[in-house]
Each structure stands twice: as structure tokens, then as C-alpha cells.
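A.B. asks: Just one file: entry_1.txt, with compact mmCIF, C-alpha atoms.
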```
# COMPACT_ATOMS: atom_id res chain seq x y z
CA GLY A 1 208.73 -205.73 141.48
CA ASP A 2 205.65 -204.28 139.83
CA SER A 3 206.05 -201.22 137.66
CA VAL A 4 204.14 -199.08 135.19
CA THR A 5 205.65 -197.13 132.31
CA GLN A 6 203.77 -194.36 130.56
CA MET A 7 204.66 -192.27 127.57
CA GLU A 8 206.27 -188.94 128.28
CA GLY A 9 204.14 -185.86 128.09
CA PRO A 10 202.84 -183.37 127.51
CA VAL A 11 200.63 -184.61 124.73
CA THR A 12 199.23 -181.62 122.86
CA LEU A 13 196.25 -182.09 120.53
CA SER A 14 193.63 -180.05 118.77
CA GLU A 15 189.99 -180.56 119.67
CA GLU A 16 188.42 -183.62 117.97
CA ALA A 17 191.79 -185.28 117.43
CA PHE A 18 192.39 -188.96 118.23
CA LEU A 19 194.19 -189.67 121.48
CA THR A 20 196.47 -192.52 122.46
CA ILE A 21 198.44 -192.59 125.69
CA ASN A 22 200.66 -195.65 125.93
CA CYS A 23 201.04 -197.68 129.10
CA THR A 24 202.98 -200.89 129.65
CA TYR A 25 203.45 -202.80 132.85
CA THR A 26 205.45 -205.49 134.61
CA ALA A 27 203.85 -207.52 137.36
CA THR A 28 204.58 -210.66 139.34
CA GLY A 29 200.98 -211.86 139.32
CA TYR A 30 197.85 -211.23 137.28
CA PRO A 31 197.11 -207.59 137.94
CA SER A 32 194.05 -205.42 137.61
CA LEU A 33 194.75 -202.34 135.50
CA PHE A 34 193.45 -198.82 135.89
CA TRP A 35 193.51 -195.36 134.40
CA TYR A 36 193.13 -192.42 136.77
CA VAL A 37 192.64 -188.80 135.73
CA GLN A 38 193.58 -185.64 137.60
CA TYR A 39 191.91 -182.43 136.51
CA PRO A 40 193.57 -179.15 137.54
CA GLY A 41 193.23 -178.52 141.28
CA GLU A 42 191.54 -181.85 141.96
CA GLY A 43 192.50 -185.30 143.22
CA LEU A 44 193.05 -188.40 141.14
CA GLN A 45 189.77 -189.97 139.99
CA LEU A 46 189.29 -193.46 138.65
CA LEU A 47 188.55 -193.21 134.92
CA LEU A 48 188.30 -196.88 133.94
CA LYS A 49 189.57 -200.32 134.83
CA ALA A 50 190.01 -203.86 133.51
CA THR A 51 190.55 -206.94 135.61
CA LYS A 52 191.45 -209.69 133.12
CA ALA A 53 193.01 -210.22 129.74
CA ASP A 54 191.07 -208.84 126.75
CA ASP A 55 188.72 -206.87 129.02
CA LYS A 56 187.97 -203.39 127.72
CA GLY A 57 187.40 -200.65 130.26
CA SER A 58 185.47 -197.61 129.07
CA ASN A 59 184.14 -194.35 130.46
CA LYS A 60 183.41 -190.84 129.11
CA GLY A 61 184.46 -191.90 125.61
CA PHE A 62 187.81 -193.24 126.80
CA GLU A 63 188.73 -196.89 126.28
CA ALA A 64 191.59 -199.18 127.20
CA THR A 65 192.02 -202.89 126.47
CA TYR A 66 193.96 -205.24 128.77
CA ARG A 67 196.56 -206.88 126.50
CA LYS A 68 198.35 -209.62 128.40
CA GLU A 69 200.48 -210.68 125.44
CA THR A 70 202.00 -207.22 125.12
CA THR A 71 201.59 -206.26 128.81
CA SER A 72 199.90 -203.06 127.74
CA PHE A 73 196.85 -200.99 128.63
CA HIS A 74 196.86 -198.06 126.22
CA LEU A 75 194.29 -195.30 126.71
CA GLU A 76 192.38 -194.10 123.64
CA LYS A 77 189.68 -191.62 122.77
CA GLY A 78 188.31 -191.00 119.32
CA SER A 79 187.66 -187.26 119.63
CA VAL A 80 189.11 -185.24 122.48
CA GLN A 81 187.61 -182.09 123.93
CA VAL A 82 189.21 -179.12 125.67
CA SER A 83 187.65 -180.38 128.91
CA ASP A 84 189.75 -183.56 128.64
CA SER A 85 192.86 -181.54 129.43
CA ALA A 86 194.26 -183.21 132.54
CA VAL A 87 196.97 -185.56 133.77
CA TYR A 88 196.32 -189.27 133.13
CA PHE A 89 197.85 -191.97 135.34
CA CYS A 90 198.10 -195.64 134.49
CA ALA A 91 198.14 -197.99 137.49
CA LEU A 92 198.05 -201.65 138.43
CA SER A 93 196.97 -203.58 141.50
CA ASP A 94 198.43 -207.03 141.89
CA ARG A 95 197.47 -209.14 144.91
CA PRO A 96 198.79 -212.71 144.46
CA GLY A 97 202.33 -212.69 145.74
CA GLY A 98 202.16 -208.93 146.02
CA SER A 99 199.88 -206.25 147.32
CA TYR A 100 196.57 -204.61 146.55
CA ILE A 101 198.31 -201.26 146.87
CA PRO A 102 198.22 -199.72 143.39
CA THR A 103 201.44 -198.97 141.60
CA PHE A 104 201.23 -195.81 139.49
CA GLY A 105 203.07 -194.48 136.51
CA ARG A 106 204.40 -190.94 136.39
CA GLY A 107 201.37 -189.51 134.63
CA THR A 108 200.94 -188.06 131.16
CA SER A 109 199.75 -184.50 130.77
CA LEU A 110 197.19 -183.94 127.99
CA ILE A 111 196.60 -180.44 126.64
CA VAL A 112 193.75 -179.99 124.19
CA HIS A 113 193.53 -176.74 122.22
CA PRO A 114 190.27 -175.39 120.73
CA GLU B 1 179.77 -186.44 146.17
CA PRO B 2 181.97 -187.31 149.17
CA GLU B 3 185.54 -186.14 148.86
CA VAL B 4 188.88 -186.39 150.59
CA THR B 5 190.08 -183.03 151.86
CA GLN B 6 193.74 -182.15 152.23
CA THR B 7 195.21 -179.13 153.96
CA PRO B 8 197.16 -177.04 153.31
CA SER B 9 197.23 -177.02 149.52
CA HIS B 10 200.76 -175.65 149.55
CA GLN B 11 203.32 -175.58 152.35
CA VAL B 12 206.78 -174.08 152.33
CA THR B 13 209.14 -175.10 155.10
CA GLN B 14 212.78 -174.74 155.98
CA MET B 15 215.06 -177.76 155.85
CA GLY B 16 215.17 -179.53 159.19
CA GLN B 17 211.73 -178.38 160.28
CA GLU B 18 208.86 -180.70 161.11
CA VAL B 19 205.74 -180.61 158.95
CA ILE B 20 202.33 -182.16 159.39
CA LEU B 21 200.15 -182.74 156.36
CA ARG B 22 196.48 -183.18 157.10
CA CYS B 23 193.77 -185.21 155.44
CA VAL B 24 190.11 -185.78 156.16
CA PRO B 25 189.13 -189.10 154.51
CA ILE B 26 185.61 -190.06 153.52
CA SER B 27 183.71 -190.84 156.69
CA ASN B 28 182.73 -194.47 156.04
CA HIS B 29 186.09 -195.47 154.55
CA LEU B 30 188.32 -197.81 156.55
CA TYR B 31 191.61 -197.78 154.62
CA PHE B 32 193.84 -194.74 154.35
CA TYR B 33 196.91 -194.06 152.26
CA TRP B 34 199.62 -191.55 151.57
CA TYR B 35 201.36 -191.25 148.21
CA ARG B 36 203.83 -188.71 146.97
CA GLN B 37 204.94 -187.46 143.57
CA ILE B 38 208.24 -185.71 143.12
CA LEU B 39 207.99 -183.34 140.18
CA GLY B 40 208.23 -185.25 136.91
CA GLN B 41 208.45 -188.65 138.56
CA LYS B 42 206.08 -191.48 139.40
CA VAL B 43 203.36 -191.37 142.01
CA GLU B 44 204.96 -193.40 144.80
CA PHE B 45 203.23 -195.29 147.57
CA LEU B 46 204.30 -194.32 151.08
CA VAL B 47 202.02 -196.03 153.58
CA SER B 48 198.63 -197.59 154.16
CA PHE B 49 196.72 -197.49 157.44
CA TYR B 50 193.91 -199.69 158.66
CA ASN B 51 192.38 -200.37 162.04
CA ASN B 52 194.58 -197.72 163.68
CA GLU B 53 197.85 -199.18 162.54
CA ILE B 54 200.14 -199.22 159.54
CA SER B 55 199.26 -202.14 157.27
CA GLU B 56 201.91 -201.61 154.60
CA LYS B 57 204.72 -199.19 153.99
CA SER B 58 207.30 -198.63 151.29
CA GLU B 59 211.05 -198.20 151.57
CA ILE B 60 210.53 -194.47 151.31
CA PHE B 61 208.60 -194.43 154.58
CA ASP B 62 211.55 -194.39 156.95
CA ASP B 63 211.87 -193.21 160.54
CA GLN B 64 211.45 -189.59 159.46
CA PHE B 65 207.83 -190.29 158.60
CA SER B 66 204.89 -191.13 160.80
CA VAL B 67 201.14 -191.30 160.41
CA GLU B 68 198.36 -190.83 162.87
CA ARG B 69 194.60 -190.77 163.07
CA PRO B 70 194.37 -188.60 166.15
CA ASP B 71 190.64 -188.01 166.44
CA GLY B 72 188.76 -190.46 164.24
CA SER B 73 188.38 -188.03 161.37
CA ASN B 74 191.80 -186.59 160.52
CA PHE B 75 194.62 -188.65 159.06
CA THR B 76 198.01 -186.97 159.27
CA LEU B 77 201.45 -187.48 157.78
CA LYS B 78 204.32 -186.07 159.81
CA ILE B 79 207.82 -185.54 158.49
CA ARG B 80 210.11 -184.98 161.47
CA SER B 81 213.08 -183.22 159.93
CA THR B 82 212.46 -182.24 156.35
CA LYS B 83 215.08 -182.57 153.66
CA LEU B 84 215.24 -180.85 150.28
CA GLU B 85 214.38 -184.14 148.59
CA ASP B 86 211.09 -184.30 150.51
CA SER B 87 209.78 -181.57 148.21
CA ALA B 88 206.89 -183.21 146.39
CA MET B 89 203.13 -183.35 145.98
CA TYR B 90 201.65 -185.51 148.74
CA PHE B 91 198.35 -187.23 148.07
CA CYS B 92 196.04 -188.73 150.66
CA ALA B 93 193.52 -191.39 149.64
CA SER B 94 190.89 -193.49 151.33
CA SER B 95 188.86 -196.56 150.40
CA GLU B 96 186.17 -198.83 151.78
CA SER B 97 188.20 -201.91 150.86
CA PRO B 98 191.75 -202.61 149.70
CA GLY B 99 192.58 -202.45 146.00
CA GLY B 100 192.82 -199.83 143.29
CA SER B 101 189.29 -199.28 142.12
CA GLY B 102 187.68 -197.85 145.19
CA TYR B 103 190.22 -195.17 146.05
CA THR B 104 189.21 -191.55 146.48
CA PHE B 105 192.13 -189.16 146.37
CA GLY B 106 192.51 -185.69 147.77
CA SER B 107 193.79 -182.87 145.60
CA GLY B 108 197.19 -182.98 147.25
CA THR B 109 199.52 -180.82 149.32
CA ARG B 110 202.51 -179.37 147.54
CA LEU B 111 205.41 -179.38 149.99
CA THR B 112 208.38 -177.19 149.19
CA VAL B 113 211.46 -177.53 151.39
CA VAL B 114 213.90 -174.63 151.11
```
Let's see the structure in the file written out as C-alpha cells.
C.D. replies:
Amino acid sequence: GDSVTQMEGPVTLSEEAFLTINCTYTATGYPSLFWYVQYPGEGLQLLLKATKADDKGSNKGFEATYRKETTSFHLEKGSVQVSDSAVYFCALSDRPGGSYIPTFGRGTSLIVHP
Amino acid sequence: EPEVTQTPSHQVTQMGQEVILRCVPISNHLYFYWYRQILGQKVEFLVSFYNNEISEKSEIFDDQFSVERPDGSNFTLKIRSTKLEDSAMYFCASSESPGGSGYTFGSGTRLTVV
């Protein structure tokens, strides 16, 4: 079945550091890929998405590129801020032969220090 | 901005008791979902609900679980006889259409079974 694997957290960085959170997936079809973010006390919010190979999703300075050859969708940001501290979830949605229901990873906690 | 509201934010219950977790989805959304996350593990899909019936459910969603939309605004998850392993964060979500990009999540209910 479909699955998403994320790097273990927490990831602890200083402000303005470069961020990478790794995500790899397995899917039966040709999935759409997503990153969700959960700020403290809030629900999961869609951060960015990509629907086909080599697409780059971007939002709020975050980027992720859909790499079909490596089945990856790593999240990056060039310069993190304290306000980026949150839990980040990688997810996929794979309809053909499967379901639209997103499959999530376990989440990666990011802590950014001033 | 419209949001999904979940109550309570934290519930403690004794093993064997029934609990009802409540959610108010966004008013013009048609698809409703429950997910759960056991501490340190993946966000797992439980059930989706559309047109007043369950449209998909996972293996986790056994006879101990039920969902209801009793009054056209609330969407509830009932656990009939709670077990210790039901302790988790439960997330409600809603969407206008199926798929991962249009979901709005609530901030979750933390259920602790003692």
C-alpha cells in the first residue's frame, strides 16, 4: 500500500539556517504530493503541493520538488525564522487504483532558536 | 478565514467508557474525515463521510467506532468502549471535494485513556 516516510525529529536550527526535511514515498499509482504544517495549538494547514514529476511546490519561502526517480519530496527553506517552528507533515494522495484519501507521514518537529 | 472546530481540546476517560469527539466542519464542505495520531507515530486515516454515509474507512475503524452527523452541522466520532491504545490525538477535517489539497483540519482532540 501507499506510505510516506519522513526523517525523525526534532530538527533544531538557529535562525537563518538552511532547512531540509526529507520525505520519501511508495505509491501504487502516480500520486500528488503535499506538505502540511501544524503550528502549536492549530490544525494541519496545507503548505505546498506538487501533482506531477519535476513540479516544484512553493509557499512562504518553502520549496519541494517532486522527484519520481528517487520517489522523494524533500522540503527546503533557505533561511528559517523562529516563526517557522512547527510540525511538518509530508503526505500523498493517490487515486488510480487507490484512494484520494491522503496518506500522511509521522511529522517532523522543527524548532528554530533566535 | 473559515475553520474546523473540535471540542474538547483534551479529554481524559477511563478504560471501557464511551467517548464522543465533536467537530464542526466548514459549512459549505461536503466531505468529512477523522484521522488520529498516536504519540510519535504517523497520522492515520480512520474514516471519511459523504452524503450522510461512510465512504471509506481504514482497518483501524472497527465496530468500536462510529460516526454521525446528527444535526447538519456537527460531525462526531464515538468510541464505544475505550481501550488504553485509543489514546491519541484525533483530527477532524473537511473538504469541498475529495483529495489532499482542499482539506481543512481542526486543531485536534487529545484523548487520554487511563
A.B. asks: Give as a VMD selection string every residue of chain B that touches chain A within 12 Å, counting all atoms listed in the file.
C.D. replies: chain B and resid 3 to 6 9 to 10 31 to 49 55 to 58 89 to 95 97 to 110
A.B. asks: Could those residues be written to a file, using C-alpha atoms, as a CSV table (one decimal), in the coordinates of the input?
C.D. replies:
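Below is the file that was written, selection10.csv:
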```csv
chain,number,residue,atom,x,y,z
B,3,GLU,CA,185.5,-186.1,148.9
B,4,VAL,CA,188.9,-186.4,150.6
B,5,THR,CA,190.1,-183.0,151.9
B,6,GLN,CA,193.7,-182.2,152.2
B,9,SER,CA,197.2,-177.0,149.5
B,10,HIS,CA,200.8,-175.6,149.6
B,31,TYR,CA,191.6,-197.8,154.6
B,32,PHE,CA,193.8,-194.7,154.4
B,33,TYR,CA,196.9,-194.1,152.3
B,34,TRP,CA,199.6,-191.6,151.6
B,35,TYR,CA,201.4,-191.2,148.2
B,36,ARG,CA,203.8,-188.7,147.0
B,37,GLN,CA,204.9,-187.5,143.6
B,38,ILE,CA,208.2,-185.7,143.1
B,39,LEU,CA,208.0,-183.3,140.2
B,40,GLY,CA,208.2,-185.2,136.9
B,41,GLN,CA,208.4,-188.6,138.6
B,42,LYS,CA,206.1,-191.5,139.4
B,43,VAL,CA,203.4,-191.4,142.0
B,44,GLU,CA,205.0,-193.4,144.8
B,45,PHE,CA,203.2,-195.3,147.6
B,46,LEU,CA,204.3,-194.3,151.1
B,47,VAL,CA,202.0,-196.0,153.6
B,48,SER,CA,198.6,-197.6,154.2
B,49,PHE,CA,196.7,-197.5,157.4
B,55,SER,CA,199.3,-202.1,157.3
B,56,GLU,CA,201.9,-201.6,154.6
B,57,LYS,CA,204.7,-199.2,154.0
B,58,SER,CA,207.3,-198.6,151.3
B,89,MET,CA,203.1,-183.4,146.0
B,90,TYR,CA,201.6,-185.5,148.7
B,91,PHE,CA,198.4,-187.2,148.1
B,92,CYS,CA,196.0,-188.7,150.7
B,93,ALA,CA,193.5,-191.4,149.6
B,94,SER,CA,190.9,-193.5,151.3
B,95,SER,CA,188.9,-196.6,150.4
B,97,SER,CA,188.2,-201.9,150.9
B,98,PRO,CA,191.8,-202.6,149.7
B,99,GLY,CA,192.6,-202.4,146.0
B,100,GLY,CA,192.8,-199.8,143.3
B,101,SER,CA,189.3,-199.3,142.1
B,102,GLY,CA,187.7,-197.8,145.2
B,103,TYR,CA,190.2,-195.2,146.0
B,104,THR,CA,189.2,-191.6,146.5
B,105,PHE,CA,192.1,-189.2,146.4
B,106,GLY,CA,192.5,-185.7,147.8
B,107,SER,CA,193.8,-182.9,145.6
B,108,GLY,CA,197.2,-183.0,147.2
B,109,THR,CA,199.5,-180.8,149.3
B,110,ARG,CA,202.5,-179.4,147.5
```
A.B. asks: What does the structure give for the distance between atom CA of A:Lys77 and atom CA of A:Thr65, in Å to one decimal?
C.D. replies: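 Atom CA of A:Lys77 sits 12.1 Å away from atom CA of A:Thr65.
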A.B. asks: May I have the centre and edge lengths, in Å to one decimal, of an axis-aligned box around the listed atoms of stretch 41-45 of chain B with 5 Å added to every side, as AutoDock Vina command-line options?
C.D. replies:
```
--center_x 205.8 --center_y -192.0 --center_z 143.1 --size_x 15.2 --size_y 16.6 --size_z 19.0
```
A.B. asks: Tell me, in Å to one decimal, how far atom CA of B:Leu84 is from atom CA of B:Gln11.
C.D. replies: 13.2 Å
A.B. asks: Would you list the contacts of A:Gly61 as a ChimeraX atom specification, taking every protein, DNA or RNA residue within 9 Å and counting all atoms listed in the file, but skipping same-chain residues closer than 4 positions in sequence?
C.D. replies: /A:76-80
A.B. asks: Export, as a PDB file, in the coordinates of the input, the selected residues with C-alpha atoms.
C.D. replies:
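Output file result_22.pdb is given in full below:
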```pdb
ATOM      1  CA  GLU A  76     192.380-194.100 123.640  1.00  0.00           C
ATOM      2  CA  LYS A  77     189.680-191.620 122.770  1.00  0.00           C
ATOM      3  CA  GLY A  78     188.310-191.000 119.320  1.00  0.00           C
ATOM      4  CA  SER A  79     187.660-187.260 119.630  1.00  0.00           C
ATOM      5  CA  VAL A  80     189.110-185.240 122.480  1.00  0.00           C
TER       6      VAL A  80
END
```
A.B. asks: Kindly indicate which residue among A:Ile21, A:Leu13, A:Asp2, A:Asp84 lies nearest to A:Ala64, using all atoms listed in the file for the distances.
C.D. replies: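 That would be A:Ile21, the residue with the smallest distance to A:Ala64.
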A.B. asks: Have a look at atom CA of B:Val24 and atom CA of B:Ile60 and let me know their distance in Å, one decimal.
C.D. replies: 22.7 Å
A.B. asks: Just want the 8 Å neighbourhood of B:Gly16, counted on all atoms listed in the file, with same-chain residues fewer than 6 positions away dropped. Output as a ChimeraX atom specification.
C.D. replies: /B:80-83
